[in-house]
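Undergrad: Supplied structure: coords.cif, mmCIF, C-alpha atoms and all ligand atoms.
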```
data_start
loop_
_atom_site.label_atom_id
_atom_site.label_comp_id
_atom_site.auth_asym_id
_atom_site.auth_seq_id
_atom_site.Cartn_x
_atom_site.Cartn_y
_atom_site.Cartn_z
CA MET N 630 -27.59 5.97 -27.71
CA ALA N 631 -27.30 5.61 -23.95
CA ARG N 632 -25.86 2.63 -22.22
CA HIS N 633 -25.89 2.35 -18.44
CA SER N 634 -23.69 -0.22 -16.68
CA PHE N 635 -24.35 -1.70 -13.26
CA PHE N 636 -21.66 -3.66 -11.46
CA CYS N 637 -23.39 -6.37 -9.50
CA ILE N 638 -22.44 -9.28 -7.30
CA ASP N 639 -25.09 -11.98 -7.51
CA GLY N 640 -25.84 -14.50 -4.80
CA HIS N 641 -28.64 -16.01 -2.79
CA THR N 642 -29.76 -16.25 0.81
CA CYS N 643 -31.06 -19.71 1.61
CA GLY N 644 -32.14 -19.99 -2.03
CA ASN N 645 -33.67 -16.55 -2.65
CA PRO N 646 -31.72 -14.26 -5.00
CA VAL N 647 -29.77 -11.22 -3.86
CA ARG N 648 -28.23 -8.97 -6.52
CA VAL N 649 -26.00 -6.40 -4.83
CA VAL N 650 -25.38 -3.34 -7.02
CA THR N 651 -21.94 -2.11 -6.04
CA GLY N 652 -21.29 0.56 -8.67
CA GLY N 653 -22.05 1.96 -12.11
CA SER N 654 -24.93 4.30 -12.95
CA ILE N 655 -26.18 4.58 -9.38
CA PRO N 656 -28.10 7.85 -8.85
CA VAL N 657 -27.45 10.26 -6.01
CA LEU N 658 -30.63 10.39 -3.92
CA LYS N 659 -32.17 13.34 -2.08
CA GLY N 660 -33.43 13.05 1.47
CA SER N 661 -32.24 13.09 5.03
CA THR N 662 -33.30 9.51 5.80
CA MET N 663 -33.16 6.30 3.78
CA PHE N 664 -36.97 6.31 3.72
CA GLU N 665 -36.93 9.73 1.97
CA LYS N 666 -34.17 8.60 -0.38
CA ARG N 667 -36.25 5.54 -1.23
CA GLN N 668 -39.18 7.87 -2.13
CA HIS N 669 -36.87 9.87 -4.43
CA PHE N 670 -35.59 6.68 -6.08
CA LEU N 671 -39.15 5.43 -6.65
CA ALA N 672 -40.23 8.78 -8.12
CA GLU N 673 -37.32 9.25 -10.53
CA TYR N 674 -35.20 6.14 -10.91
CA ASP N 675 -37.54 3.21 -10.66
CA TRP N 676 -36.47 2.16 -14.17
CA ILE N 677 -33.21 0.95 -12.61
CA ARG N 678 -35.07 -1.45 -10.32
CA LYS N 679 -37.27 -2.68 -13.16
CA SER N 680 -34.42 -3.19 -15.60
CA LEU N 681 -32.30 -5.08 -13.04
CA CYS N 682 -35.12 -7.18 -11.54
CA PHE N 683 -37.59 -7.93 -14.34
CA GLU N 684 -36.95 -10.23 -17.29
CA PRO N 685 -34.78 -10.44 -19.36
CA ARG N 686 -32.10 -9.47 -16.76
CA GLY N 687 -34.01 -10.83 -13.79
CA HIS N 688 -37.05 -12.98 -13.04
CA ASP N 689 -40.15 -13.06 -10.82
CA MET N 690 -38.21 -13.62 -7.60
CA MET N 691 -35.31 -11.25 -8.32
CA SER N 692 -34.36 -8.95 -5.50
CA GLY N 693 -31.28 -7.14 -4.38
CA SER N 694 -29.86 -3.97 -2.96
CA ILE N 695 -28.04 -0.78 -3.88
CA LEU N 696 -25.36 0.44 -1.49
CA TYR N 697 -25.31 4.09 -0.36
CA PRO N 698 -23.22 6.17 2.00
CA PRO N 699 -25.01 6.42 5.36
CA SER N 700 -26.68 9.68 6.43
CA SER N 701 -24.93 9.76 9.82
CA GLU N 702 -21.95 8.42 11.72
CA ASP N 703 -24.32 6.11 13.58
CA TYR N 704 -24.32 3.72 10.63
CA ASP N 705 -21.66 1.82 8.67
CA ILE N 706 -23.55 1.87 5.38
CA ALA N 707 -27.04 2.46 3.93
CA ILE N 708 -29.04 -0.02 1.87
CA LEU N 709 -31.81 0.53 -0.67
CA PHE N 710 -33.69 -2.71 -1.35
CA ILE N 711 -34.88 -3.41 -4.89
CA GLU N 712 -37.11 -6.21 -6.07
CA THR N 713 -39.85 -7.02 -8.55
CA SER N 714 -42.56 -5.60 -6.26
CA GLY N 715 -40.85 -2.28 -5.55
CA CYS N 716 -38.41 -1.04 -2.95
CA LEU N 717 -39.20 -2.80 0.30
CA PRO N 718 -38.70 -0.78 3.50
CA MET N 719 -36.84 -3.81 4.84
CA CYS N 720 -35.80 -7.18 3.44
CA GLY N 721 -34.29 -9.81 5.72
CA HIS N 722 -32.96 -12.27 3.17
CA GLY N 723 -31.67 -9.27 1.18
CA THR N 724 -29.82 -7.97 4.24
CA ILE N 725 -28.21 -11.35 5.01
CA GLY N 726 -27.05 -11.63 1.38
CA THR N 727 -25.90 -8.01 1.20
CA VAL N 728 -23.89 -8.27 4.44
CA THR N 729 -22.25 -11.51 3.27
CA THR N 730 -21.36 -9.96 -0.10
CA MET N 731 -20.04 -6.71 1.39
CA ILE N 732 -17.84 -8.43 3.99
CA GLU N 733 -16.51 -11.10 1.60
CA HIS N 734 -15.57 -8.37 -0.92
CA GLY N 735 -14.29 -5.70 1.47
CA LEU N 736 -16.99 -3.22 0.39
CA VAL N 737 -17.48 -1.83 3.88
CA THR N 738 -15.23 -1.33 6.88
CA PRO N 739 -17.19 -2.05 10.04
CA LYS N 740 -16.53 0.31 12.93
CA THR N 741 -16.85 -2.71 15.22
CA PRO N 742 -15.47 -5.99 13.83
CA GLY N 743 -18.21 -8.56 13.41
CA LEU N 744 -21.00 -5.97 13.50
CA LEU N 745 -22.54 -3.78 10.80
CA ARG N 746 -24.99 -1.02 11.65
CA LEU N 747 -27.19 -0.68 8.59
CA GLU N 748 -29.38 2.25 7.65
CA THR N 749 -32.43 0.77 5.91
CA PRO N 750 -35.63 2.59 4.85
CA ALA N 751 -37.37 0.89 7.80
CA GLY N 752 -34.73 2.08 10.28
CA LEU N 753 -31.59 0.76 11.97
CA VAL N 754 -30.84 -2.93 11.46
CA GLU N 755 -27.81 -4.45 13.16
CA ALA N 756 -26.11 -7.40 11.50
CA ARG N 757 -23.65 -9.64 13.35
CA TYR N 758 -21.67 -11.93 11.10
CA VAL N 759 -19.43 -14.94 11.66
CA GLN N 760 -16.38 -14.78 9.43
CA ASN N 761 -14.38 -17.84 8.48
CA GLY N 762 -11.27 -16.77 6.54
CA PRO N 763 -12.49 -14.95 3.41
CA TYR N 764 -16.04 -16.19 3.86
CA VAL N 765 -19.02 -15.32 6.00
CA ASP N 766 -20.59 -18.43 7.52
CA SER N 767 -23.72 -16.82 8.94
CA VAL N 768 -25.40 -13.49 9.63
CA THR N 769 -27.72 -12.66 12.52
CA LEU N 770 -29.92 -9.62 12.05
CA THR N 771 -31.48 -7.64 14.81
CA ASN N 772 -34.47 -6.50 12.82
CA VAL N 773 -36.76 -3.51 13.29
CA PRO N 774 -39.34 -3.83 16.11
CA SER N 775 -42.06 -6.17 14.95
CA PHE N 776 -45.60 -6.46 16.21
CA LEU N 777 -48.94 -8.19 15.88
CA LEU N 778 -51.39 -5.55 14.64
CA GLY N 779 -54.60 -7.54 14.81
CA ARG N 780 -56.10 -11.02 14.87
CA ASP N 781 -58.76 -12.96 13.00
CA TYR N 782 -59.51 -10.55 10.16
CA GLU N 783 -61.98 -12.26 7.84
CA VAL N 784 -61.33 -12.31 4.10
CA GLU N 785 -63.35 -13.95 1.39
CA VAL N 786 -60.89 -15.40 -1.11
CA ASP N 787 -62.25 -16.61 -4.42
CA GLY N 788 -61.04 -20.19 -4.94
CA ILE N 789 -60.63 -21.15 -1.26
CA GLY N 790 -63.45 -19.44 0.65
CA THR N 791 -63.43 -17.49 3.91
CA LEU N 792 -60.09 -17.28 5.69
CA LYS N 793 -59.16 -15.74 9.01
CA VAL N 794 -55.77 -14.03 9.01
CA ASP N 795 -53.64 -12.30 11.61
CA ILE N 796 -51.81 -9.13 10.53
CA ALA N 797 -48.27 -8.64 11.77
CA TYR N 798 -45.44 -6.28 10.87
CA GLY N 799 -41.81 -7.40 10.60
CA GLY N 800 -40.47 -4.66 8.32
CA ASN N 801 -43.38 -5.25 5.90
CA PHE N 802 -47.03 -6.04 6.67
CA TYR N 803 -47.97 -9.73 6.54
CA ALA N 804 -51.27 -11.56 6.47
CA ILE N 805 -50.44 -14.77 8.31
CA VAL N 806 -52.60 -17.72 7.31
CA GLU N 807 -52.60 -20.57 9.82
CA PRO N 808 -54.32 -23.94 9.33
CA GLN N 809 -58.12 -23.56 9.70
CA ALA N 810 -61.40 -24.79 8.22
CA ASN N 811 -60.68 -23.92 4.57
CA TYR N 812 -56.90 -24.41 4.73
CA ALA N 813 -55.49 -27.60 6.25
CA ASP N 814 -51.74 -27.15 5.72
CA LEU N 815 -49.13 -25.62 3.46
CA SER N 816 -48.41 -29.09 2.07
CA ASP N 817 -51.88 -29.00 0.44
CA LEU N 818 -50.93 -25.99 -1.73
CA GLU N 819 -48.87 -26.22 -4.91
CA PRO N 820 -46.70 -23.19 -5.72
CA SER N 821 -49.22 -22.36 -8.49
CA ASP N 822 -52.01 -22.28 -5.84
CA ILE N 823 -49.98 -19.85 -3.71
CA VAL N 824 -49.41 -17.58 -6.70
CA ARG N 825 -53.10 -17.75 -7.65
CA LEU N 826 -54.64 -17.29 -4.18
CA SER N 827 -52.27 -14.83 -2.50
CA PRO N 828 -52.94 -11.75 -4.68
CA LYS N 829 -56.69 -12.39 -4.29
CA LEU N 830 -56.30 -12.58 -0.51
CA ARG N 831 -54.22 -9.39 -0.48
CA ALA N 832 -56.66 -7.48 -2.72
CA ALA N 833 -59.69 -8.69 -0.72
CA PHE N 834 -58.02 -7.70 2.53
CA ASN N 835 -56.98 -4.23 1.34
CA ALA N 836 -60.48 -3.59 -0.08
CA ARG N 837 -62.17 -4.46 3.21
CA HIS N 838 -59.75 -3.55 6.01
CA SER N 839 -57.50 -0.57 6.70
CA ILE N 840 -54.21 -0.90 8.47
CA VAL N 841 -51.52 1.60 9.29
CA HIS N 842 -48.10 1.42 10.90
CA PRO N 843 -48.37 3.24 14.28
CA THR N 844 -45.40 5.56 13.62
CA ASN N 845 -45.09 5.61 9.79
CA PRO N 846 -48.43 6.44 8.12
CA ALA N 847 -46.90 5.82 4.66
CA LEU N 848 -46.96 2.10 5.50
CA ASN N 849 -50.69 1.46 5.19
CA GLN N 850 -51.18 -1.53 2.90
CA LEU N 851 -50.97 -5.27 3.29
CA THR N 852 -48.19 -6.29 0.89
CA HIS N 853 -47.14 -9.84 1.81
CA VAL N 854 -48.99 -13.08 2.46
CA GLN N 855 -47.47 -15.79 4.64
CA TRP N 856 -48.93 -19.30 4.47
CA THR N 857 -47.87 -21.41 7.43
CA GLY N 858 -47.84 -25.11 8.17
CA LYS N 859 -46.18 -28.13 9.68
CA PRO N 860 -42.42 -28.48 9.11
CA LYS N 861 -41.14 -31.29 6.92
CA HIS N 862 -37.81 -31.79 8.65
CA ALA N 863 -36.90 -32.85 12.19
CA GLY N 864 -35.51 -29.89 14.09
CA SER N 865 -37.70 -27.26 12.39
CA SER N 866 -40.38 -25.45 14.38
CA GLY N 867 -42.60 -24.38 11.50
CA ARG N 868 -42.76 -23.94 7.74
CA ASN N 869 -43.86 -21.03 5.59
CA ALA N 870 -44.28 -19.78 2.06
CA VAL N 871 -44.18 -16.01 1.68
CA PHE N 872 -45.79 -14.45 -1.36
CA TYR N 873 -44.64 -11.01 -2.54
CA GLY N 874 -44.95 -8.86 -5.62
CA ASP N 875 -47.13 -10.31 -8.40
CA LYS N 876 -45.75 -13.82 -8.70
CA ALA N 877 -42.94 -14.36 -6.21
CA ILE N 878 -42.68 -17.02 -3.52
CA ASP N 879 -39.69 -16.47 -1.27
CA ARG N 880 -37.30 -19.42 -1.53
CA SER N 881 -35.89 -18.50 1.89
CA PRO N 882 -38.03 -18.48 5.05
CA CYS N 883 -38.18 -14.66 4.63
CA GLY N 884 -36.53 -12.44 7.22
CA THR N 885 -39.30 -9.90 7.64
CA GLY N 886 -41.89 -12.68 7.37
CA THR N 887 -40.19 -14.67 10.11
CA SER N 888 -40.00 -11.50 12.26
CA ALA N 889 -43.75 -10.97 11.79
CA ARG N 890 -44.39 -14.63 12.64
CA LEU N 891 -42.25 -14.36 15.81
CA ALA N 892 -44.24 -11.27 16.84
CA GLN N 893 -47.52 -13.14 16.29
CA LEU N 894 -46.38 -16.29 18.14
CA PHE N 895 -45.00 -14.26 21.04
CA ALA N 896 -48.10 -12.07 21.35
CA THR N 897 -50.33 -15.14 21.38
CA GLY N 898 -48.26 -16.94 24.05
CA ARG N 899 -46.84 -19.61 21.73
CA LEU N 900 -43.17 -18.54 21.86
CA LYS N 901 -41.04 -17.41 24.77
CA GLU N 902 -38.34 -14.76 24.81
CA GLY N 903 -35.01 -16.34 23.74
CA GLU N 904 -36.59 -19.56 22.45
CA ALA N 905 -35.31 -20.68 19.03
CA PHE N 906 -37.87 -20.81 16.23
CA VAL N 907 -36.39 -22.73 13.29
CA HIS N 908 -38.34 -21.62 10.25
CA GLU N 909 -38.35 -23.80 7.16
CA SER N 910 -38.93 -22.41 3.65
CA ILE N 911 -40.74 -24.10 0.76
CA ILE N 912 -37.39 -25.49 -0.43
CA GLY N 913 -36.39 -26.69 3.06
CA SER N 914 -33.79 -23.99 3.86
CA THR N 915 -33.99 -22.54 7.37
CA PHE N 916 -33.61 -19.33 9.37
CA THR N 917 -33.45 -19.37 13.15
CA GLY N 918 -35.53 -16.62 14.73
CA ARG N 919 -35.67 -15.49 18.32
CA VAL N 920 -37.41 -12.83 20.38
CA ALA N 921 -34.45 -10.93 21.81
CA GLY N 922 -36.50 -8.44 23.80
CA THR N 923 -39.64 -6.40 23.92
CA THR N 924 -40.49 -2.76 23.24
CA THR N 925 -43.40 -0.71 21.93
CA VAL N 926 -44.03 0.97 18.56
CA GLY N 927 -46.32 3.99 18.90
CA GLY N 928 -47.88 2.36 21.96
CA VAL N 929 -48.29 -1.07 20.32
CA PRO N 930 -46.44 -3.90 22.16
CA ALA N 931 -43.62 -5.15 19.95
CA ILE N 932 -40.70 -7.55 19.93
CA ILE N 933 -37.10 -7.13 18.89
CA PRO N 934 -36.52 -10.09 16.58
CA THR N 935 -33.21 -11.67 15.62
CA ILE N 936 -32.93 -13.75 12.45
CA GLU N 937 -29.97 -15.97 11.67
CA GLY N 938 -29.27 -17.28 8.17
CA TRP N 939 -26.58 -17.71 5.55
CA ALA N 940 -25.89 -16.59 2.00
CA ARG N 941 -23.59 -17.59 -0.86
CA VAL N 942 -22.18 -15.45 -3.62
CA THR N 943 -22.72 -17.00 -7.06
CA GLY N 944 -20.82 -14.66 -9.37
CA TYR N 945 -20.07 -11.24 -10.79
CA ASN N 946 -22.43 -9.66 -13.23
CA THR N 947 -21.93 -6.44 -15.17
CA ILE N 948 -25.37 -5.58 -16.49
CA PHE N 949 -25.95 -3.23 -19.42
CA VAL N 950 -29.14 -1.29 -19.88
CA ASP N 951 -29.00 -0.03 -23.42
CA ASP N 952 -31.71 2.05 -25.06
CA ARG N 953 -31.23 0.20 -28.37
CA ASP N 954 -32.76 -2.76 -26.55
CA PRO N 955 -36.59 -2.67 -26.79
CA PHE N 956 -36.64 -4.47 -23.43
CA TRP N 957 -34.24 -2.10 -21.69
CA ALA N 958 -36.85 -1.41 -18.98
CA GLY N 959 -37.62 -5.09 -18.43
CA PHE N 960 -40.98 -6.79 -18.77
CA GLN N 961 -43.34 -9.06 -16.88
CA VAL N 962 -45.63 -11.64 -18.49
O1 LIG N 1001 -36.53 -11.79 3.59
O2 LIG N 1001 -37.64 -10.06 4.33
C1 LIG N 1001 -37.38 -10.89 3.46
C2 LIG N 1001 -38.12 -10.83 2.19
C3 LIG N 1001 -39.14 -10.01 1.85
C4 LIG N 1001 -39.52 -10.33 0.54
C5 LIG N 1001 -38.72 -11.35 0.12
N1 LIG N 1001 -37.87 -11.63 1.13
#
```
Step by step, read the file and then write its structure as structure tokens.

TA:
Amino acid sequence: MARHSFFCIDGHTCGNPVRVVTGGSIPVLKGSTMFEKRQHFLAEYDWIRKSLCFEPRGHDMMSGSILYPPSSEDYDIAILFIETSGCLPMCGHGTIGTVTTMIEHGLVTPKTPGLLRLETPAGLVEARYVQNGPYVDSVTLTNVPSFLLGRDYEVEVDGIGTLKVDIAYGGNFYAIVEPQANYADLSDLEPSDIVRLSPKLRAAFNARHSIVHPTNPALNQLTHVQWTGKPKHAGSSGRNAVFYGDKAIDRSPCGTGTSARLAQLFATGRLKEGEAFVHESIIGSTFTGRVAGTTTVGGVPAIIPTIEGWARVTGYNTIFVDDRDPFWAGFQV
């Protein structure tokens, strides 16, 4: 009989779960970068992600992180993201929650107070946090360079018809759906519609179009769908619902999704450098995004996005994965 224990601190960022694995049966990973270590984890230890994220220990939206020592002195700590859909190269809500958890529990000693330099599979992410006694009030990420890859790709989506989508990268690739002939506004879609239509859109897109990250050829699939619309609350600039995995709708405004949206709005002249973009999620929580600067990625014009949000820790959770349990590896229905 084998029983593995994982010491976790559970919380959420603007409503979306973040399970930070702080100790227990965490495997040592091979590789000189976090991207290579992520490949090793996926090849040999993916059962850990599934058992911690899928039912009965998790649920459709479950996501989190595993903390690792960084591969160089340039970083304070390294993060492997885990969630129901796999190990994302970058996760914004996961980073905000992980930073809040680490600082509130003394799990990392920042070289510079108020700043953590994080090694993620997608590259360096800086996180500036505002501490208030034992708590972290907010975290502002400087995310990986984000860019608009292309505009007006046509996809035929069974159940809604032809849609035109823009493709932007913000740490993951997003199809951004803006109001148009067959889609009036996000308020017209129920969560069940988003879960029904998004995988069809993603599959139709990937069958018809090829995309590739200009400097990382391993990133060559559309993975996330972002439905956009009018905000519901005064003070918000826009609203979104981000679909990921098989059934998940981000409860937060999605950090990488907001970065992709900023890149799209900036590239199309609808957002200026430094201007605040208050992004509202399907539950009304908000991130504030900004274009902090510009750069290029493999020759493609890109922005440097910042995303500000907050997270709350909800409790401690020691999780057992026991091979006497027929559902030790988790399941999805
Ligand atoms: O916040 O980047 C994000 C994210 C990706 C998937 C779910 N949340």

Undergrad: Which value, in Å to one decimal, gives the distance between CA of Gly886 in chain N and CA of Ala756 in chain N?

TA: 17.1 Å

Undergrad: In Å, with one decimal, what is the gap from CA of Pro774 in chain N to CA of Ile933 in chain N?

TA: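 Separating CA of Pro774 in chain N from CA of Ile933 in chain N is a distance of 4.9 Å.
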
Undergrad: Please report, as CSV, each residue of chain N lying at most 9 Å from ligand LIG 1001 (chain N), together with the nearest pair of atoms and the separation in Å rounded to one decimal; use only C-alpha atoms and all ligand atoms, and order rows by chain and ascending residue number.

TA:
```
residue,atom,partner,partner_atom,distance
N:Thr642,CA,N:LIG1001,O1,8.6
N:Asn645,CA,N:LIG1001,N1,7.5
N:Met690,CA,N:LIG1001,C5,8.1
N:Ser692,CA,N:LIG1001,C5,7.5
N:Glu712,CA,N:LIG1001,C4,8.2
N:Ser714,CA,N:LIG1001,C4,8.8
N:Leu717,CA,N:LIG1001,C3,7.4
N:Met719,CA,N:LIG1001,O2,6.3
N:Cys720,CA,N:LIG1001,O2,3.5
N:Gly721,CA,N:LIG1001,O2,3.6
N:His722,CA,N:LIG1001,O1,3.6
N:Gly723,CA,N:LIG1001,O1,6.0
N:Thr724,CA,N:LIG1001,O1,7.7
N:Ile725,CA,N:LIG1001,O1,8.5
N:Gly799,CA,N:LIG1001,O2,8.0
N:Gly800,CA,N:LIG1001,O2,7.3
N:Asn801,CA,N:LIG1001,C3,7.6
N:His853,CA,N:LIG1001,C4,7.7
N:Val871,CA,N:LIG1001,C5,7.3
N:Phe872,CA,N:LIG1001,C4,7.7
N:Tyr873,CA,N:LIG1001,C4,6.0
N:Gly874,CA,N:LIG1001,C4,8.3
N:Ala877,CA,N:LIG1001,C5,8.2
N:Ile878,CA,N:LIG1001,C5,7.8
N:Asp879,CA,N:LIG1001,C5,5.4
N:Arg880,CA,N:LIG1001,N1,8.3
N:Ser881,CA,N:LIG1001,O1,7.0
N:Pro882,CA,N:LIG1001,O1,7.0
N:Cys883,CA,N:LIG1001,O1,3.5
N:Gly884,CA,N:LIG1001,O1,3.7
N:Thr885,CA,N:LIG1001,O2,3.7
N:Gly886,CA,N:LIG1001,O2,5.8
N:Thr887,CA,N:LIG1001,O2,7.8
N:Ser888,CA,N:LIG1001,O2,8.4
```

Undergrad: Just checking: using all atoms listed in the file, which residue out of N:Ile912, N:Val942, N:Val929, N:Val650 ends up closest to Ala892 in chain N?

TA: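 Checking each of N:Ile912, N:Val942, N:Val929, N:Val650 against Ala892 in chain N, counting all atoms listed in the file, the winner is N:Val929.
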
Undergrad: Of the candidates N:Ile911, N:Ala889, N:Ala896, N:Ala832, which one gets nearest to Arg868 in chain N if we count only C-alpha atoms?

TA: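 Once distances to Arg868 in chain N are computed over only C-alpha atoms, the minimum belongs to N:Ile911.
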